[in-house]
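Structure, as structure tokens:
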Amino acid sequence: MAVPVAPSRWPLLGHTPSMLRRRFAFTDSLREHGEIVRVDLGPMPTFFVTNPELTHRVLVTEGASFRKGAMFDKFRPYLGNGLVLSNGPFHRSQRRLIQPAFHRDRIARYAETMVRAATELTGSWQPGEIREIDKDMQGLAVTVVGEALFSTEMGKRAIDEVRRSIFVVIKQGMIRALSPSFVEKLPVPGNRAFDGAIERMRAIVLEVIESWRTDGVDHGDVLSMLLLAQDEDTGATMTDQQTYDEVLTLLTAGIETTALALSWIFHEIARNPEVAQRLYAEIDTVLAGRPVGVADVPKLTYTLQVVNEVLRMYPIWILMRRATADVELGGEHIPAGTEVIISPHALHFDPRSYPDPGRFDPDRWDPGRAGDLPKGAFIPFGAGTRQCVGNVFAQTEIIITVATVLTNWRLVPVPEQPVRVKFTSAAYPSRLPMTAVPRT
């Protein structure tokens, strides 16, 4: 049986122009054409998987027969061979080395940074002040991840550079990943901005690594753990290049998702007063006016439901895998070497899994309902052996920030300034001005 071809294919450029122009609308429409649909990225044919069952097979059940795909290959010259991009035995070895940095005890230490950073941010707000909440949340995410990674004075310089450059890398990187190779060589502003950001970040991160090796002190940060980690089989430690790759991976993976989730949470709370009142009630009851701590996070159950609903509605756009062996998917033969695309956004908006998917409804995540979801229907952090190593870190940071903000503030939309979605690697708000109003 022939795999159906997606509409709107261009000569030579394939479906790339349609994908970049219509983003989520294009990928969400593909389920209408079948469980597997052919999408051409330039001259390269790919198979787009449209249902949860096949997604779960690619990421989990048949995960050993897939590796990171062509989209990630495009990032490798700039982001190296870190945990997000690596494959096979090297990936497994790196994951074992990095996993201890996200152990429960370490998360408890990072939580202290999360509380302090969120408290300092909200303490700087003035009653009635209009805040650009998306910018505030981006800055907060950079501070939290940066301070977890680097705790030295030189590390502060690295954090400043991350604040300047990381979102250029994230946004321009997705355009490169979907475009033919010649596009990245064009002398256009986006390419110059991307190349400059990568060059600056590489220089400062390698400088921090060199400084750490000079003094050899365990500072209790993630960088120290990376440099001290030893492979349990060989005793080998990470080279400077491997460490740099993992640092840049943790920065790019750890900042965007958190910053966007926080921005959209405050937007959705403001649009849904009943949700806001339930959040206020839970936070007031659990915290009783004191600062949030890591032990409170499991008790904030409705807050977690709100977080999950935002992660459902505003996930990353697409990810890719490459078959390393022949696989059968949905009755189709997928030869080794075939590129497969999965869209978390399209899965999260599939009405077969989520009735009325455009409606913000945290009660979808009530434990009595969420268990009915098919495997593969909710993948904000991926799944299987490639699930994001920092997913608990991110969820903890989001819940702590929400609790810190809502203990003392209401964020009110600014009239006549509508919020629109900008599509890049994920859904960004065009801008998010909100008025900070003290809770009495």
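To be explicit about the labels: the chains of the structure tokens are called A, B, and onward in the order shown, and within each one the residues are counted from 1, while ligands get numbers from 1 in the order they are shown.
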
*Determine which residues of segment 90-290 of chain A receive a DSSP assignment of helix (DSSP H, G or I), computed from the backbone, and state them as a PyMOL selection string.*
chain A and resi 90-102+104-123+133-149+153-178+181-185+189-215+222-228+240-271+273-287

Given the selection you just returned, output its residues as a file containing C-alpha atoms, formatted as a short mmCIF file (atom, residue, chain, number, x, y, z; two decimals), in the first residue's frame.
```
data_model
loop_
_atom_site.label_atom_id
_atom_site.label_comp_id
_atom_site.auth_asym_id
_atom_site.auth_seq_id
_atom_site.Cartn_x
_atom_site.Cartn_y
_atom_site.Cartn_z
CA PHE A 90 27.98 6.70 23.57
CA HIS A 91 24.52 8.07 24.42
CA ARG A 92 23.96 5.39 27.06
CA SER A 93 27.36 6.09 28.60
CA GLN A 94 26.76 9.86 28.69
CA ARG A 95 23.31 9.41 30.18
CA ARG A 96 24.78 7.30 33.01
CA LEU A 97 27.33 10.03 33.70
CA ILE A 98 24.75 12.84 33.69
CA GLN A 99 21.86 11.10 35.50
CA PRO A 100 23.27 11.69 39.02
CA ALA A 101 23.11 15.45 38.44
CA PHE A 102 19.30 15.11 38.43
CA ARG A 104 16.23 13.63 43.93
CA ASP A 105 18.79 14.99 46.42
CA ARG A 106 20.28 17.27 43.78
CA ILE A 107 16.83 18.51 42.72
CA ALA A 108 16.22 19.51 46.35
CA ARG A 109 19.38 21.66 46.22
CA TYR A 110 18.43 23.20 42.88
CA ALA A 111 14.99 23.96 44.35
CA GLU A 112 16.62 26.41 46.74
CA THR A 113 17.94 28.32 43.70
CA MET A 114 14.51 28.15 42.07
CA VAL A 115 12.78 29.63 45.14
CA ARG A 116 15.37 32.36 45.56
CA ALA A 117 15.35 33.37 41.90
CA ALA A 118 11.54 33.47 41.72
CA THR A 119 11.34 35.41 45.00
CA GLU A 120 13.90 37.96 43.80
CA LEU A 121 12.04 38.42 40.53
CA THR A 122 8.61 38.92 42.10
CA GLY A 123 10.13 41.09 44.84
CA ILE A 133 5.94 38.30 31.51
CA ASP A 134 7.44 36.30 28.64
CA LYS A 135 10.72 38.19 29.07
CA ASP A 136 10.56 37.78 32.85
CA MET A 137 10.09 34.02 32.52
CA GLN A 138 12.89 33.71 29.96
CA GLY A 139 15.23 35.57 32.29
CA LEU A 140 14.16 33.44 35.25
CA ALA A 141 14.72 30.19 33.34
CA VAL A 142 18.19 31.33 32.30
CA THR A 143 19.03 32.26 35.89
CA VAL A 144 17.86 28.94 37.34
CA VAL A 145 19.51 26.68 34.77
CA GLY A 146 22.61 28.85 34.59
CA GLU A 147 23.15 28.90 38.36
CA ALA A 148 22.52 25.15 38.57
CA LEU A 149 25.24 24.68 35.94
CA GLU A 153 32.25 34.08 39.51
CA MET A 154 33.33 33.22 35.97
CA GLY A 155 30.13 31.20 35.68
CA LYS A 156 28.19 34.45 36.13
CA ARG A 157 29.78 35.75 32.92
CA ALA A 158 28.66 32.58 31.17
CA ILE A 159 25.10 33.10 32.44
CA ASP A 160 25.12 36.66 31.06
CA GLU A 161 26.18 35.33 27.66
CA VAL A 162 23.51 32.63 27.78
CA ARG A 163 20.92 35.32 28.52
CA ARG A 164 22.08 37.19 25.43
CA SER A 165 22.45 34.33 22.98
CA ILE A 166 20.46 31.19 23.83
CA PHE A 167 17.13 32.17 22.27
CA VAL A 168 18.90 33.17 19.03
CA VAL A 169 20.37 29.66 18.90
CA ILE A 170 17.00 28.00 19.60
CA LYS A 171 14.91 30.00 17.13
CA GLN A 172 17.36 30.16 14.23
CA GLY A 173 18.40 26.55 14.78
CA MET A 174 14.92 25.24 13.94
CA ILE A 175 14.92 27.15 10.64
CA ARG A 176 18.26 25.58 9.75
CA ALA A 177 17.08 22.12 10.75
CA LEU A 178 14.18 22.20 8.28
CA SER A 181 21.87 22.76 3.57
CA PHE A 182 22.66 25.66 1.23
CA VAL A 183 20.37 27.99 3.23
CA GLU A 184 22.70 28.07 6.24
CA LYS A 185 25.51 29.37 4.03
CA PRO A 189 20.91 38.32 9.18
CA GLY A 190 19.50 35.18 10.78
CA ASN A 191 22.57 33.13 9.85
CA ARG A 192 24.96 35.83 11.07
CA ALA A 193 23.09 36.09 14.38
CA PHE A 194 23.13 32.30 14.85
CA ASP A 195 26.84 31.91 14.03
CA GLY A 196 27.78 34.81 16.32
CA ALA A 197 25.74 33.44 19.23
CA ILE A 198 27.28 29.97 18.93
CA GLU A 199 30.81 31.41 18.73
CA ARG A 200 30.34 33.59 21.83
CA MET A 201 28.76 30.81 23.91
CA ARG A 202 31.43 28.31 22.94
CA ALA A 203 34.20 30.70 23.95
CA ILE A 204 32.83 31.50 27.41
CA VAL A 205 31.76 27.93 28.29
CA LEU A 206 35.18 26.53 27.36
CA GLU A 207 36.76 29.31 29.43
CA VAL A 208 34.67 28.25 32.45
CA ILE A 209 35.67 24.59 31.92
CA GLU A 210 39.36 25.53 31.71
CA SER A 211 39.02 27.59 34.91
CA TRP A 212 37.39 24.65 36.71
CA ARG A 213 40.17 22.27 35.66
CA THR A 214 42.73 24.77 36.97
CA ASP A 215 41.32 24.93 40.50
CA VAL A 222 26.20 20.50 37.48
CA LEU A 223 29.46 21.44 35.76
CA SER A 224 31.44 20.00 38.68
CA MET A 225 29.44 16.77 38.50
CA LEU A 226 30.06 16.49 34.75
CA LEU A 227 33.81 17.01 35.11
CA LEU A 228 34.13 14.67 38.11
CA ASP A 240 36.43 19.44 27.44
CA GLN A 241 34.53 18.98 24.18
CA GLN A 242 32.15 16.39 25.65
CA THR A 243 31.55 18.63 28.65
CA TYR A 244 30.88 21.63 26.41
CA ASP A 245 28.43 19.59 24.33
CA GLU A 246 26.50 18.53 27.42
CA VAL A 247 26.44 22.04 28.89
CA LEU A 248 25.06 23.51 25.67
CA THR A 249 22.54 20.67 25.46
CA LEU A 250 21.33 21.28 29.02
CA LEU A 251 21.05 25.01 28.33
CA THR A 252 19.02 24.69 25.14
CA ALA A 253 16.83 21.87 26.45
CA GLY A 254 16.41 23.29 29.95
CA ILE A 255 15.48 26.88 29.21
CA GLU A 256 13.00 27.01 26.35
CA THR A 257 10.38 24.52 27.60
CA THR A 258 10.32 25.99 31.11
CA ALA A 259 10.20 29.63 30.02
CA LEU A 260 7.37 29.00 27.57
CA ALA A 261 5.35 26.86 29.99
CA LEU A 262 5.53 29.56 32.66
CA SER A 263 4.56 32.31 30.23
CA TRP A 264 1.54 30.42 28.95
CA ILE A 265 0.47 29.36 32.45
CA PHE A 266 0.03 32.96 33.55
CA HIS A 267 -1.72 33.78 30.28
CA GLU A 268 -4.17 30.88 30.65
CA ILE A 269 -4.80 31.55 34.36
CA ALA A 270 -5.78 35.12 33.50
CA ARG A 271 -8.19 33.86 30.82
CA PRO A 273 -10.85 32.79 36.44
CA GLU A 274 -12.23 29.52 37.82
CA VAL A 275 -8.86 27.83 37.28
CA ALA A 276 -7.14 30.79 38.94
CA GLN A 277 -9.38 30.60 42.01
CA ARG A 278 -8.70 26.88 42.44
CA LEU A 279 -4.97 27.53 42.15
CA TYR A 280 -5.05 30.33 44.71
CA ALA A 281 -7.05 28.13 47.09
CA GLU A 282 -4.65 25.19 46.80
CA ILE A 283 -1.52 27.33 47.16
CA ASP A 284 -2.94 29.23 50.15
CA THR A 285 -3.97 25.99 51.84
CA VAL A 286 -0.71 24.10 51.27
CA LEU A 287 1.68 26.99 51.96
#
```

*Computed interatomic separation between atom CA of His348 of chain A and atom CA of Arg312 of chain A (Å)*: 5.5 Å

*Point out the residue among A:Ala370, A:Arg23, A:Phe47, A:Lys422 with the least atom-to-atom distance to Glu309 of chain A, counting only C-alpha atoms.*
A:Ala370

_Could you pull out the strand (DSSP E) residues of segment 311-433 of chain A, going by DSSP on the backbone, and write them as a PyMOL selection string?_
chain A and resi 319-323+327-329+332-334+339-342+409-413+421-423+427-429+433

Output file for the selection above: C-alpha atoms, as a PDB file, in the first residue's frame:
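Writing done, so here's result_39.pdb:
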```pdb
ATOM      1  CA  LEU A 319      11.114  15.758  16.457  1.00  0.00           C
ATOM      2  CA  MET A 320      12.713  13.206  14.161  1.00  0.00           C
ATOM      3  CA  ARG A 321      14.030   9.667  14.301  1.00  0.00           C
ATOM      4  CA  ARG A 322      15.956   7.579  11.744  1.00  0.00           C
ATOM      5  CA  ALA A 323      15.298   3.862  11.413  1.00  0.00           C
ATOM      6  CA  VAL A 327      10.574  -1.854  10.905  1.00  0.00           C
ATOM      7  CA  GLU A 328       6.865  -2.472  10.338  1.00  0.00           C
ATOM      8  CA  LEU A 329       4.676   0.469  11.366  1.00  0.00           C
ATOM      9  CA  GLU A 332       3.894  -0.154   6.274  1.00  0.00           C
ATOM     10  CA  HIS A 333       7.443  -1.385   5.727  1.00  0.00           C
ATOM     11  CA  ILE A 334       9.879   1.251   6.994  1.00  0.00           C
ATOM     12  CA  GLU A 339      13.461   9.421   8.445  1.00  0.00           C
ATOM     13  CA  VAL A 340      10.357   9.487  10.661  1.00  0.00           C
ATOM     14  CA  ILE A 341       8.753  12.693  12.010  1.00  0.00           C
ATOM     15  CA  ILE A 342       6.668  12.934  15.190  1.00  0.00           C
ATOM     16  CA  TRP A 409       0.380  38.484  42.946  1.00  0.00           C
ATOM     17  CA  ARG A 410      -2.347  38.361  40.344  1.00  0.00           C
ATOM     18  CA  LEU A 411      -1.229  38.932  36.761  1.00  0.00           C
ATOM     19  CA  VAL A 412      -3.856  40.772  34.740  1.00  0.00           C
ATOM     20  CA  PRO A 413      -3.851  41.055  30.900  1.00  0.00           C
ATOM     21  CA  VAL A 421       1.273  32.835  18.943  1.00  0.00           C
ATOM     22  CA  LYS A 422       4.585  32.955  17.087  1.00  0.00           C
ATOM     23  CA  PHE A 423       5.669  29.602  15.719  1.00  0.00           C
ATOM     24  CA  ALA A 427       4.706  28.219  20.446  1.00  0.00           C
ATOM     25  CA  TYR A 428       6.029  31.587  21.625  1.00  0.00           C
ATOM     26  CA  PRO A 429       3.785  34.484  22.665  1.00  0.00           C
ATOM     27  CA  PRO A 433       2.327  42.324  28.853  1.00  0.00           C
TER      28      PRO A 433
END
```

_Please determine, counting only C-alpha atoms, which residue among A:Val297, A:Gly82, A:Thr440, A:Val3 has the shortest atom-to-atom distance to Ile398 of chain A._
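Nearest candidate to Ile398 of chain A out of A:Val297, A:Gly82, A:Thr440, A:Val3: A:Val297.
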
*Tell me, as a list in words, which residues lie within 8 Å of His33 of chain A, counting only C-alpha atoms; anything in the same chain fewer than 3 positions away does not count.*
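Here the qualifying residues turn out to be Pro4, Ala6, Ser29, Leu30, Ile36 and Val37 of chain A.
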
*Using only C-alpha atoms, find the one residue out of A:Asn408, A:Thr27, A:Gln305, A:Gln387 that sits nearest to Trp365 of chain A.*
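Of the candidates, the smallest distance to Trp365 of chain A is held by A:Gln305.
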